[in-house]
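In what follows, a structure is listed as structure tokens, so that the remarks can point back to it.
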Amino acid sequence: MIQTIARALLLSFLVSSSHAFAPMNRGSVAFRATPVTSLKMAKVDEAIALYQERFPGEVDKKRLSTNFAELSKIYGEDNALTMIGKEPKALLFNSANFGPSFVEFEKIFGTEPAIGMVVRNPGLLAVPPTGYSGADRSDGQTMFFSYLIDITRPFGKILLPLLLLLVLTPAIEGVTGIRIKETLFGGN
């Protein structure tokens, strides 16, 4: 299992580093224009259903619809729906940042890599365009972590407790006196 995770991390690093020598598109972004009038209502309804599945209760359908329309205008309907499937809370993010943040990501990585990065890690939609931890300060690590997050997302319920156990092992050993590493791995 550890070897599989190590291989996945190595593969993620290698794939993400392949962008290092690619030419960067420094021009203005041509948003994937999907006029709001032509936005398929079925996609909007599907996005809202994905949100409600994860967060049941009252919702502001107008806000969710408006934010989905903005995502669709920038990233395309299918990409927007994929992002909402991964991170339904993205429908609540400040949609005024979606376009300007994408422009900053595009300046750094190019159009297609920036789209792929945000589709893999929709949490980046919450990033402001400029300022402390803004999109304009993104670098190769942002791209790398988009791959890492996308690969590990399906295993989050398993990996998070495992990571917590690994981090807390020294403390647990100190408090209980039980040598976990020695017991499990037969040595230091």
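Residues are referred to by chain and number: the chain letter is A, B, ... according to the order shown in the structure tokens, the number counts from 1 in that chain, and ligands are numbered separately from 1 in the order shown.
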Can you tell me, as a ChimeraX atom specification, what residues are no more than 12 Å from Ile115 in chain A when counting only C-alpha atoms, ignoring any on the same chain fewer than 5 positions away? /A:29-32,71-72,74-76,78-80,82-83,98-99,101-110,120-122,124-125,143,146
In Å, rounded to a single decimal, give me how far CA of Thr130 in chain A is from CA of Gly116 in chain A. 20.3 Å
Helix (DSSP H, G or I) call set, DSSP backbone run, range 22-127 of chain A, as a PyMOL selection string: chain A and resi 36-38+41-54+61-75+77-86+88-92+95-109+111-120+122-126
